[in-house]
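Reviewing the structure listed below.
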Amino acid sequence: MDPQGLTAAAAARLLARYGPNEIREKRPGGFGKLLEALASPASLMLVVASALSFYIGQRFDGFFILALLALNVGMTLWHARKADNALEMLRSQLSVEAKVMRDGTWRSVPSRELVPGDVIECGVGALVAADARIDRTVNLEINEAVLTGESLPKEKKIGDTAYSGSVVVSGNFTGTVTATGNNAFFGKIAASGNEGRRASSMERDILAISRYLIIASLIAVAVLTAVFILDGQPLAGIVILDLSLLVAGIPVSLPTVMTLIISIGALAVAAKKALVRRLSALEDLANVTLLLTDKTGTLTENKIFVERVHAYAPFSEDDVRAYASLAAEPGGTAIDYAIVAAGTPGVSPHRILETIPADSTRKRTTALLERDGVRYLVSIGMPPVIESICAPLDGLAESVRRDTEDAAKDGSRAIAVAFKKDPLGIGDERDMTFIGMLVLADPLRADAEETLRFLKNEGVSAVMVTGDTKETAAHVAAALGLAGRIMRTKDIDLAHLSADVFTTTAAFAEVLPEDKLALVVRAQERYVVAATGDGVNDLPAVRKADVGIAVANAVDALKGTADIVLLDSGIGVMQTALIEARKIFFRLYNYSVYRISESFRLIVTALVLGLIIKGFPLTPVQIILLAFLNDIPIISLAFDRVKRADRPADLAPRDRFVLGTLFGLVGVANSLCLYFLLASVVRLPLALIQTAFFLKLTVSGHMLIYVAHTKERWWRFLPARSVIWATSLTQLAATALAVSGLFVAAIPLPLAAFVWVWAFFWMQVGEGMKSVRASAEAGRSPVRAGGTA
């Protein structure tokens with residue numbers, strides 16, 4: 001290994017040769033996306049409908065359908081571009097840094113700038129950013145679960161390969177990069193197939209509704225086709241009408257709308273210092289009922305400092321500070337930084353020969369030192385751990401116990417220091433001398449209590465999970481207003497822990513990494529669980545949680561795994577994330593209600609009138625134009641103003657389906673009454689009935705957005721201005737087409753005005769059905785109206 005590493009100039013040449021160290025996804029370019037849009041089922045149905053129109057001599061209809069196809073494809077590409085830009089912006093903010101030697105000095109660079117030949121260094125919690133040959137190592141264990149699925153870490157030695165995507169769980173290493181990007185082992189795996197994306201519960205539910213609407217549309221079309229064939233109608237005309245109904249009835253824009261709504265919400269959260277790695281996690285966050293939160297760096301400021309020192313004769317406080325600072329890792333955790341900062345030069349100069357960093361198994365850091373030819377061994381860690389490798393304390397036992405308990409009662413942490421002269425080596429950790437303790441304090445965050453109170457008011461319970469002692473946990477819980485028991489995980493049977501425990505528990509203390517995972521699993525039996533973490537040992541629990549959250553000071557490995565990454569210290573940003581999550585949830589909820597209603601209205605109306613009059617009061621062109629006009633305001637729902645809930649959002653698929661169906665039935669009654677009024681009472685020509693029907697479906701459908709988007713009276717909580725503008729413009733456009741006779745038979749202005757009045761009247765009928773439904777479900781819904789969002 002070249003100890004100087006690469007020069008900056010050589011690294012730049014290699015970067016140009018090999019490309020950035022990132023997995024290059026096989027994404028279609030602009031032309032590829034165009035082909036995908038044209039090959040979609042909706043586009044193909046429009047192409048067939050246009051071709052059949054030309055075949056039977058309806059050239060205008062054929063060209064018009066092609067024009068609508070071009071507009072629809074253009075809108076699809078524009079929406080997809082907006083969603084892609086949002087995702088790309090989020091990815092750009094999730095850059096991982098790597099420690100690399102350039103021009104003979106260690107520096108941090110974005111991991112995407114690593115090149116073969118770079119010399120890198122990785123410590124505990126580091127995400128290995130590229131395949132590297134291990135040149136130097138100390139007590140190294142690496143977790144390769146992301147590559148092999150094996151949860152247990154593997155011991156690595158000099159000459160072995162540390163693979164990209166793996167995580168250092170113990171020790172450290174220095175190595176030479178051998179492969180980057182798609183050439184690395186992980187890159188080859190990722191390039192061979194896309195990683196399965198975890199869908200949210202709302203996504204799964206809406207897609208189930210979509211499948212139902214598709215099946216219903218196909219059944220209706222099959223019935224109508226049979227009726228029309230038996231009636232002796234031309235086959236080509238029947239097929240055109242069938243394809244038009246399928247285009248209008250099937251929610252083809254659903255994936256685009258969902259992605260855009262979530263992406264825009266994720267950008268809003270990112271602006272408030274939280275990055276969303278799994279977009280659907282924002283929807284799941286709306287359903288969270290329990291937060292398992294860390295203490296250090298999450299509820300505290302993570303500004304740890306040495307508050308006081310206890311030295312046991314014949315050692316002085318300066319001795320304890322100095323030896324502890326020599327054993328602490330300068331580039332390690334916040335605790336290491338605090339210990340190093342509190343060091344004194346009293347026993348310097350020492351040469352550090354070897355170091356074994358702390359991990360979840362050893363729970364202590366050990367350093368082998370040398371001064372004037374004499375070797376010393378120093379270990380630091382939690383008092384019980386250090387006491388286990390020391391000679392009997394004898395007369396010191398009571399002092400150590402008292403000092404440890406005093407620290408815990410203050411909510412502080414005690415770090416014990418052990419010393420040994422002339423050891424046999426760094427592994428000679430026995431019969432050491434217990435020389436003293438450092439008491440470290442970490443002030444509570446000013447916003448921690450307020451955030452926990454906010455979460456409680458929003459229906460989210462919070463339980464602290466900490467490795468600190470029971471006494472420390474009790475002190476912190478009381479200061480934060482967390483009510484309940486303080487439980488040590490070693491005192492309970494986690495395998496058979498009842499989920500009821502979480503309702504009466506304020507904190508779990510002395511928690512081991514595997515305990516945290518077990519707590520998440522047990523809690524998920526009753527709750528939708530969010531879990532925060534900062535260290536590599538939190539990886540299993542954060543992965544398992546319904547919403548895994550990496551706090552600002554988390555190791556890169558955890559940030560690369562979590563669903564949401566907080567960029568600001570503490571959990572104060574959780575308030576913003578939760579509010580935005582519930583906004584997204586209700587936007588999707590309202591959209592699904594609207595879409596169920598519109599599809600149900602069109603399908604059932606077409607089926608009923610088809611059976612009665614052996615036809616449908618819309619031409620294929622009008623049906624397709626209606627579908628196009630309906631899609632324009634739909635995208636504005638991504639920015640809609642909603643009334644968020646102050647309780648975890650409930651999918652309530654049955655209630656939502658019933659509400660959408662009720663709105664749909666109102667629409668069916670509306671349509672049937674208008675048709676028979678115009679056909680049987682007023683006796684208008686079919687062409688004018690078709691135009692009036694087209695105008696009514698457009699105006700009435702967009703008025704439904706006002707009703708469906710809120711549980712309040714629609715006039716008391718109007719949609720966002722963007723939605724009002726979008727619906728108003730499309731309604732006016734449809735009116736202009738109907739009155740002018742462009743693409744449709746012209747109707748008199750008084751008839752158009754009557755259609756508006758008719759639609760407004762039935763809008764109030766829909767509002768009445770909503771009120772009846774709300775009264776029926778009052779008292780059993782867990783969602784209460786909260787703040788405006």
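Within each chain, counting starts at residue 1; across the structure tokens, chains are named A, B, ... in the order shown, with ligands numbered 1 upward in that order.
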
(request) Mind checking which residues fall within 7 Å of Val439 of chain A, counting only C-alpha atoms, ignoring those fewer than 6 positions away in the same chain, and posting them as a PyMOL selection string? (result) chain A and resi 306-309+407+412-415

Residues just named, written with all heavy atoms as a compact mmCIF listing (two decimals), in the first residue's frame:
# COMPACT_ATOMS: atom_id res chain seq x y z
N VAL A 306 -17.11 16.59 30.20
CA VAL A 306 -16.75 15.99 31.47
C VAL A 306 -17.14 16.96 32.58
O VAL A 306 -16.57 18.05 32.70
CB VAL A 306 -15.26 15.65 31.53
CG1 VAL A 306 -14.88 15.13 32.92
CG2 VAL A 306 -14.91 14.62 30.47
N GLU A 307 -18.12 16.57 33.39
CA GLU A 307 -18.65 17.43 34.43
C GLU A 307 -17.80 17.39 35.70
O GLU A 307 -17.55 18.40 36.34
CB GLU A 307 -20.08 17.01 34.75
CG GLU A 307 -20.82 17.93 35.69
CD GLU A 307 -22.26 17.48 35.89
OE1 GLU A 307 -22.47 16.26 36.08
OE2 GLU A 307 -23.16 18.33 35.83
N ARG A 308 -17.34 16.18 36.05
CA ARG A 308 -16.48 16.03 37.23
C ARG A 308 -15.68 14.74 37.10
O ARG A 308 -16.00 13.88 36.26
CB ARG A 308 -17.31 16.03 38.52
CG ARG A 308 -18.37 14.97 38.61
CD ARG A 308 -19.20 15.15 39.89
NE ARG A 308 -20.21 14.11 40.05
CZ ARG A 308 -21.43 14.15 39.53
NH1 ARG A 308 -21.79 15.21 38.81
NH2 ARG A 308 -22.29 13.16 39.73
N VAL A 309 -14.64 14.63 37.93
CA VAL A 309 -13.74 13.48 37.89
C VAL A 309 -13.59 12.91 39.30
O VAL A 309 -13.42 13.66 40.26
CB VAL A 309 -12.35 13.88 37.34
CG1 VAL A 309 -11.41 12.67 37.33
CG2 VAL A 309 -12.48 14.47 35.94
N ALA A 407 -23.94 9.70 39.80
CA ALA A 407 -23.94 10.14 38.40
C ALA A 407 -25.26 9.80 37.74
O ALA A 407 -25.85 10.61 37.02
CB ALA A 407 -22.77 9.50 37.64
N SER A 412 -26.47 11.71 34.47
CA SER A 412 -25.16 11.74 33.81
C SER A 412 -24.67 10.32 33.56
O SER A 412 -25.27 9.34 34.00
CB SER A 412 -24.14 12.49 34.68
OG SER A 412 -24.58 13.81 34.92
N ARG A 413 -23.56 10.21 32.87
CA ARG A 413 -22.99 8.89 32.54
C ARG A 413 -21.59 8.80 33.13
O ARG A 413 -20.78 9.72 32.99
CB ARG A 413 -22.93 8.71 31.03
CG ARG A 413 -22.20 7.45 30.60
CD ARG A 413 -22.19 7.28 29.11
NE ARG A 413 -23.52 7.07 28.57
CZ ARG A 413 -23.77 6.69 27.31
NH1 ARG A 413 -22.75 6.48 26.49
NH2 ARG A 413 -25.00 6.54 26.90
N ALA A 414 -21.30 7.68 33.77
CA ALA A 414 -19.98 7.45 34.36
C ALA A 414 -19.15 6.58 33.42
O ALA A 414 -19.61 5.56 32.92
CB ALA A 414 -20.12 6.78 35.71
N ILE A 415 -17.90 7.02 33.17
CA ILE A 415 -16.95 6.26 32.37
C ILE A 415 -15.77 5.92 33.28
O ILE A 415 -15.08 6.81 33.80
CB ILE A 415 -16.45 7.06 31.15
CG1 ILE A 415 -17.62 7.39 30.22
CG2 ILE A 415 -15.37 6.29 30.41
CD1 ILE A 415 -18.25 6.19 29.57

Nearby residues (only C-alpha atoms) at most 7 Å from Gly171 of chain A, same-chain spacing under 3 positions excluded, as a PDB file with all heavy atoms, in the first residue's frame:
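Contents of the output file result_26.pdb:
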ATOM      1  N   GLY A 123     -13.792   3.206  10.311  1.00  0.00           N
ATOM      2  CA  GLY A 123     -13.910   2.822  11.709  1.00  0.00           C
ATOM      3  C   GLY A 123     -15.288   2.275  12.000  1.00  0.00           C
ATOM      4  O   GLY A 123     -16.107   2.067  11.101  1.00  0.00           O
ATOM      5  N   VAL A 124     -15.562   2.056  13.277  1.00  0.00           N
ATOM      6  CA  VAL A 124     -16.845   1.493  13.686  1.00  0.00           C
ATOM      7  C   VAL A 124     -17.987   2.379  13.199  1.00  0.00           C
ATOM      8  O   VAL A 124     -17.969   3.592  13.368  1.00  0.00           O
ATOM      9  CB  VAL A 124     -16.904   1.356  15.225  1.00  0.00           C
ATOM     10  CG1 VAL A 124     -18.296   0.917  15.658  1.00  0.00           C
ATOM     11  CG2 VAL A 124     -15.871   0.355  15.707  1.00  0.00           C
ATOM     12  N   VAL A 138      -7.345  -3.657  12.835  1.00  0.00           N
ATOM     13  CA  VAL A 138      -7.342  -3.904  14.266  1.00  0.00           C
ATOM     14  C   VAL A 138      -8.719  -4.442  14.662  1.00  0.00           C
ATOM     15  O   VAL A 138      -9.719  -3.745  14.502  1.00  0.00           O
ATOM     16  CB  VAL A 138      -7.046  -2.612  15.068  1.00  0.00           C
ATOM     17  CG1 VAL A 138      -7.138  -2.893  16.574  1.00  0.00           C
ATOM     18  CG2 VAL A 138      -5.673  -2.056  14.726  1.00  0.00           C
ATOM     19  N   ASN A 139      -8.754  -5.696  15.113  1.00  0.00           N
ATOM     20  CA  ASN A 139      -9.972  -6.277  15.676  1.00  0.00           C
ATOM     21  C   ASN A 139     -11.180  -6.063  14.764  1.00  0.00           C
ATOM     22  O   ASN A 139     -12.268  -5.690  15.202  1.00  0.00           O
ATOM     23  CB  ASN A 139     -10.251  -5.649  17.049  1.00  0.00           C
ATOM     24  CG  ASN A 139     -11.314  -6.399  17.843  1.00  0.00           C
ATOM     25  OD1 ASN A 139     -11.369  -7.617  17.782  1.00  0.00           O
ATOM     26  ND2 ASN A 139     -12.155  -5.671  18.557  1.00  0.00           N
ATOM     27  N   LEU A 140     -11.017  -6.331  13.470  1.00  0.00           N
ATOM     28  CA  LEU A 140     -12.025  -5.949  12.474  1.00  0.00           C
ATOM     29  C   LEU A 140     -13.109  -7.008  12.305  1.00  0.00           C
ATOM     30  O   LEU A 140     -12.826  -8.183  12.071  1.00  0.00           O
ATOM     31  CB  LEU A 140     -11.353  -5.699  11.122  1.00  0.00           C
ATOM     32  CG  LEU A 140     -12.266  -5.273   9.964  1.00  0.00           C
ATOM     33  CD1 LEU A 140     -12.933  -3.938  10.277  1.00  0.00           C
ATOM     34  CD2 LEU A 140     -11.469  -5.192   8.661  1.00  0.00           C
ATOM     35  N   GLU A 141     -14.354  -6.551  12.419  1.00  0.00           N
ATOM     36  CA  GLU A 141     -15.518  -7.365  12.068  1.00  0.00           C
ATOM     37  C   GLU A 141     -16.445  -6.518  11.203  1.00  0.00           C
ATOM     38  O   GLU A 141     -16.699  -5.353  11.516  1.00  0.00           O
ATOM     39  CB  GLU A 141     -16.265  -7.857  13.315  1.00  0.00           C
ATOM     40  CG  GLU A 141     -15.504  -8.930  14.081  1.00  0.00           C
ATOM     41  CD  GLU A 141     -16.341  -9.521  15.206  1.00  0.00           C
ATOM     42  OE1 GLU A 141     -17.309  -8.855  15.636  1.00  0.00           O
ATOM     43  OE2 GLU A 141     -16.033 -10.636  15.658  1.00  0.00           O
ATOM     44  N   ILE A 356      -7.820  -0.940  20.525  1.00  0.00           N
ATOM     45  CA  ILE A 356      -9.007  -1.740  20.181  1.00  0.00           C
ATOM     46  C   ILE A 356     -10.222  -0.889  20.537  1.00  0.00           C
ATOM     47  O   ILE A 356     -10.487  -0.655  21.721  1.00  0.00           O
ATOM     48  CB  ILE A 356      -9.059  -3.073  20.949  1.00  0.00           C
ATOM     49  CG1 ILE A 356      -7.816  -3.913  20.674  1.00  0.00           C
ATOM     50  CG2 ILE A 356     -10.318  -3.852  20.562  1.00  0.00           C
ATOM     51  CD1 ILE A 356      -7.786  -5.223  21.442  1.00  0.00           C
ATOM     52  N   PRO A 357     -10.971  -0.404  19.542  1.00  0.00           N
ATOM     53  CA  PRO A 357     -12.120   0.457  19.845  1.00  0.00           C
ATOM     54  C   PRO A 357     -13.276  -0.338  20.460  1.00  0.00           C
ATOM     55  O   PRO A 357     -13.347  -1.561  20.339  1.00  0.00           O
ATOM     56  CB  PRO A 357     -12.501   1.028  18.478  1.00  0.00           C
ATOM     57  CG  PRO A 357     -11.995   0.029  17.494  1.00  0.00           C
ATOM     58  CD  PRO A 357     -10.765  -0.577  18.088  1.00  0.00           C
TER      59      PRO A 357
END

(request) Determine the nearest neighbour of Gly425 of chain A from the options A:Thr472, A:Thr105, A:Thr355, A:Thr466, counting only C-alpha atoms. (result)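 The closest residue to Gly425 of chain A is A:Thr355.
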
(message) Give me, as a PyMOL selection string, the residues of segment 415-548 of chain A that a backbone DSSP run labels alpha helix (DSSP H).
(response) chain A and resi 448-457+470-480+513-523+539-544

(message) I'd like the contact shell of Ile584 of chain A - 10 Å cut-off, only C-alpha atoms, skipping same-chain residues fewer than 6 positions apart - returned as an MDAnalysis selection string.
(response) chainID A and resid 258 261:266 280 282:283 286 578 590 638:640 642 644 789

Write the selection just made, keeping C-alpha atoms, as a PDB file, in the first residue's frame?
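Produced file out-v5.pdb, reproduced below:
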ATOM      1  CA  MET A 258     -49.418   9.227  -6.221  1.00  0.00           C
ATOM      2  CA  ILE A 261     -48.053  13.986  -4.374  1.00  0.00           C
ATOM      3  CA  ILE A 262     -45.519  12.086  -2.264  1.00  0.00           C
ATOM      4  CA  SER A 263     -42.484  13.645  -3.987  1.00  0.00           C
ATOM      5  CA  ILE A 264     -43.729  17.178  -3.411  1.00  0.00           C
ATOM      6  CA  GLY A 265     -44.403  16.325   0.231  1.00  0.00           C
ATOM      7  CA  ALA A 266     -40.894  14.894   0.576  1.00  0.00           C
ATOM      8  CA  SER A 280     -43.850   5.858   0.940  1.00  0.00           C
ATOM      9  CA  LEU A 282     -44.101   9.569   4.686  1.00  0.00           C
ATOM     10  CA  GLU A 283     -47.490   7.887   4.320  1.00  0.00           C
ATOM     11  CA  ALA A 286     -49.052   9.347   9.208  1.00  0.00           C
ATOM     12  CA  LEU A 578     -45.569  14.248  10.989  1.00  0.00           C
ATOM     13  CA  ASN A 590     -59.262  12.441  -0.842  1.00  0.00           C
ATOM     14  CA  ALA A 638     -50.636  17.432  -5.004  1.00  0.00           C
ATOM     15  CA  PHE A 639     -50.718  21.002  -3.659  1.00  0.00           C
ATOM     16  CA  ASP A 640     -54.184  20.898  -2.142  1.00  0.00           C
ATOM     17  CA  VAL A 642     -56.223  19.695   3.597  1.00  0.00           C
ATOM     18  CA  ARG A 644     -54.910  17.165   8.789  1.00  0.00           C
ATOM     19  CA  ALA A 789     -52.159  22.119   6.577  1.00  0.00           C
TER      20      ALA A 789
END

(message) as a list in words, please: the residues near Ala446 of chain A (cut-off 10 Å, only C-alpha atoms, same-chain neighbours under 4 positions excluded).
(response)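 Close residues of Ala446 of chain A: Leu299, Thr300, Glu301, Glu450, Thr451, Gly570 and Gly572 of chain A.
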
(message) If I take atom CA of Ala679 of chain A and atom CA of Trp762 of chain A, how far is one from the other in Å, to one decimal?
(response)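 Computed distance, atom CA of Ala679 of chain A to atom CA of Trp762 of chain A, equals 19.1 Å.
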
(message) List the spatial neighbours of Ala523 of chain A as a list in words - criterion: any atom at most 9 Å away, only C-alpha atoms, same-chain residues fewer than 6 positions off excluded.
(response)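 Listing them by chain and then by number gives Leu290, Leu497, Ser498, Ala499, Asp500, Val501, Phe502 and Val529 of chain A.
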
Next, dump the selected residues to file, keeping only N, CA, C and O atoms, as a compact mmCIF listing (two decimals), in the first residue's frame.
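What ended up in result_15.txt:
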# COMPACT_ATOMS: atom_id res chain seq x y z
N LEU A 290 -46.52 4.70 17.83
CA LEU A 290 -45.52 4.57 18.89
C LEU A 290 -44.15 4.94 18.35
O LEU A 290 -43.74 4.47 17.28
N LEU A 497 -42.79 -10.72 25.73
CA LEU A 497 -43.25 -9.42 26.21
C LEU A 497 -44.57 -9.04 25.56
O LEU A 497 -44.71 -9.11 24.33
N SER A 498 -45.54 -8.65 26.36
CA SER A 498 -46.83 -8.23 25.82
C SER A 498 -46.74 -6.80 25.31
O SER A 498 -46.07 -5.94 25.89
N ALA A 499 -47.44 -6.53 24.21
CA ALA A 499 -47.46 -5.17 23.67
C ALA A 499 -48.13 -4.19 24.62
O ALA A 499 -47.95 -2.98 24.50
N ASP A 500 -48.90 -4.72 25.60
CA ASP A 500 -49.54 -3.85 26.59
C ASP A 500 -48.52 -3.08 27.42
O ASP A 500 -48.83 -2.01 27.96
N VAL A 501 -47.32 -3.63 27.54
CA VAL A 501 -46.29 -3.03 28.38
C VAL A 501 -45.97 -1.61 27.93
O VAL A 501 -45.68 -0.73 28.75
N PHE A 502 -46.04 -1.36 26.64
CA PHE A 502 -45.62 -0.06 26.11
C PHE A 502 -46.57 1.06 26.53
O PHE A 502 -46.19 2.23 26.50
N VAL A 529 -44.90 1.32 14.37
CA VAL A 529 -43.74 1.73 15.14
C VAL A 529 -42.74 2.54 14.30
O VAL A 529 -42.37 2.13 13.20

(message) Quick one: residues within 10 Å of segment 372-389 of chain A, only C-alpha atoms, excluding same-chain residues fewer than 4 positions away - as an MDAnalysis selection string?
(response) chainID A and resid 323:328 349:358 362:368 393 397 400:401 404 413:434 436:438 468:469

(request) For each of A:Val565, A:Ile632, A:Val167, A:Val73, take the minimum atom-to-atom distance to Glu36 of chain A, counting only C-alpha atoms, then give the residue where this is smallest. (result)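 Once distances to Glu36 of chain A are computed over only C-alpha atoms, the minimum belongs to A:Val73.
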
Which of segment 478-663 of chain A counts as strand (DSSP E or B) under DSSP, as a PDB file with C-alpha atoms, in the first residue's frame please?
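See out24.pdb below for the written result:
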ATOM      1  CA  ARG A 485     -42.314   2.610  34.583  1.00  0.00           C
ATOM      2  CA  ILE A 486     -38.592   2.401  33.938  1.00  0.00           C
ATOM      3  CA  MET A 487     -37.758  -1.152  32.923  1.00  0.00           C
ATOM      4  CA  ARG A 488     -34.407  -2.872  32.466  1.00  0.00           C
ATOM      5  CA  THR A 505     -43.647   2.267  30.276  1.00  0.00           C
ATOM      6  CA  ALA A 506     -41.705   5.533  30.061  1.00  0.00           C
ATOM      7  CA  ALA A 507     -38.298   4.054  29.244  1.00  0.00           C
ATOM      8  CA  PHE A 508     -36.342   0.864  28.751  1.00  0.00           C
ATOM      9  CA  ALA A 509     -32.870   1.054  30.311  1.00  0.00           C
ATOM     10  CA  VAL A 529     -43.736   1.735  15.135  1.00  0.00           C
ATOM     11  CA  ALA A 530     -41.191   4.425  14.333  1.00  0.00           C
ATOM     12  CA  ALA A 531     -37.693   3.914  15.744  1.00  0.00           C
ATOM     13  CA  THR A 532     -34.778   6.350  15.890  1.00  0.00           C
ATOM     14  CA  GLY A 533     -31.129   5.392  15.952  1.00  0.00           C
ATOM     15  CA  VAL A 547     -40.580   3.889   9.842  1.00  0.00           C
ATOM     16  CA  GLY A 548     -36.849   3.863  10.560  1.00  0.00           C
ATOM     17  CA  ILE A 549     -35.345   7.242  11.426  1.00  0.00           C
ATOM     18  CA  ALA A 550     -31.642   8.136  11.501  1.00  0.00           C
ATOM     19  CA  ILE A 564     -36.018   9.158   7.003  1.00  0.00           C
ATOM     20  CA  VAL A 565     -32.765  10.981   7.832  1.00  0.00           C
ATOM     21  CA  LEU A 566     -32.948  13.965  10.172  1.00  0.00           C
ATOM     22  CA  LYS A 643     -57.405  19.479   7.169  1.00  0.00           C
ATOM     23  CA  ARG A 644     -54.910  17.165   8.789  1.00  0.00           C
ATOM     24  CA  ALA A 645     -55.801  14.890  11.680  1.00  0.00           C
TER      25      ALA A 645
END

(message) Report, in Å to a single decimal, how far apart atom CA of Ala222 of chain A and atom CA of Leu697 of chain A are.
(response)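 Answer for the atom CA of Leu697 of chain A to atom CA of Ala222 of chain A separation: 22.9 Å.
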
(request) Would you mind telling me which residue in A:Arg13, A:Lys559, A:Lys456, A:Lys614 lies nearest to Arg277 of chain A when using only C-alpha atoms? (result)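 For Arg277 of chain A, the nearest of the candidates is A:Lys559.
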
(request) Take atom CA of Thr605 of chain A and atom CA of Gly667 of chain A and report the distance between them in Å, one decimal. (result)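 Here the two named atoms are 8.4 Å from each other.
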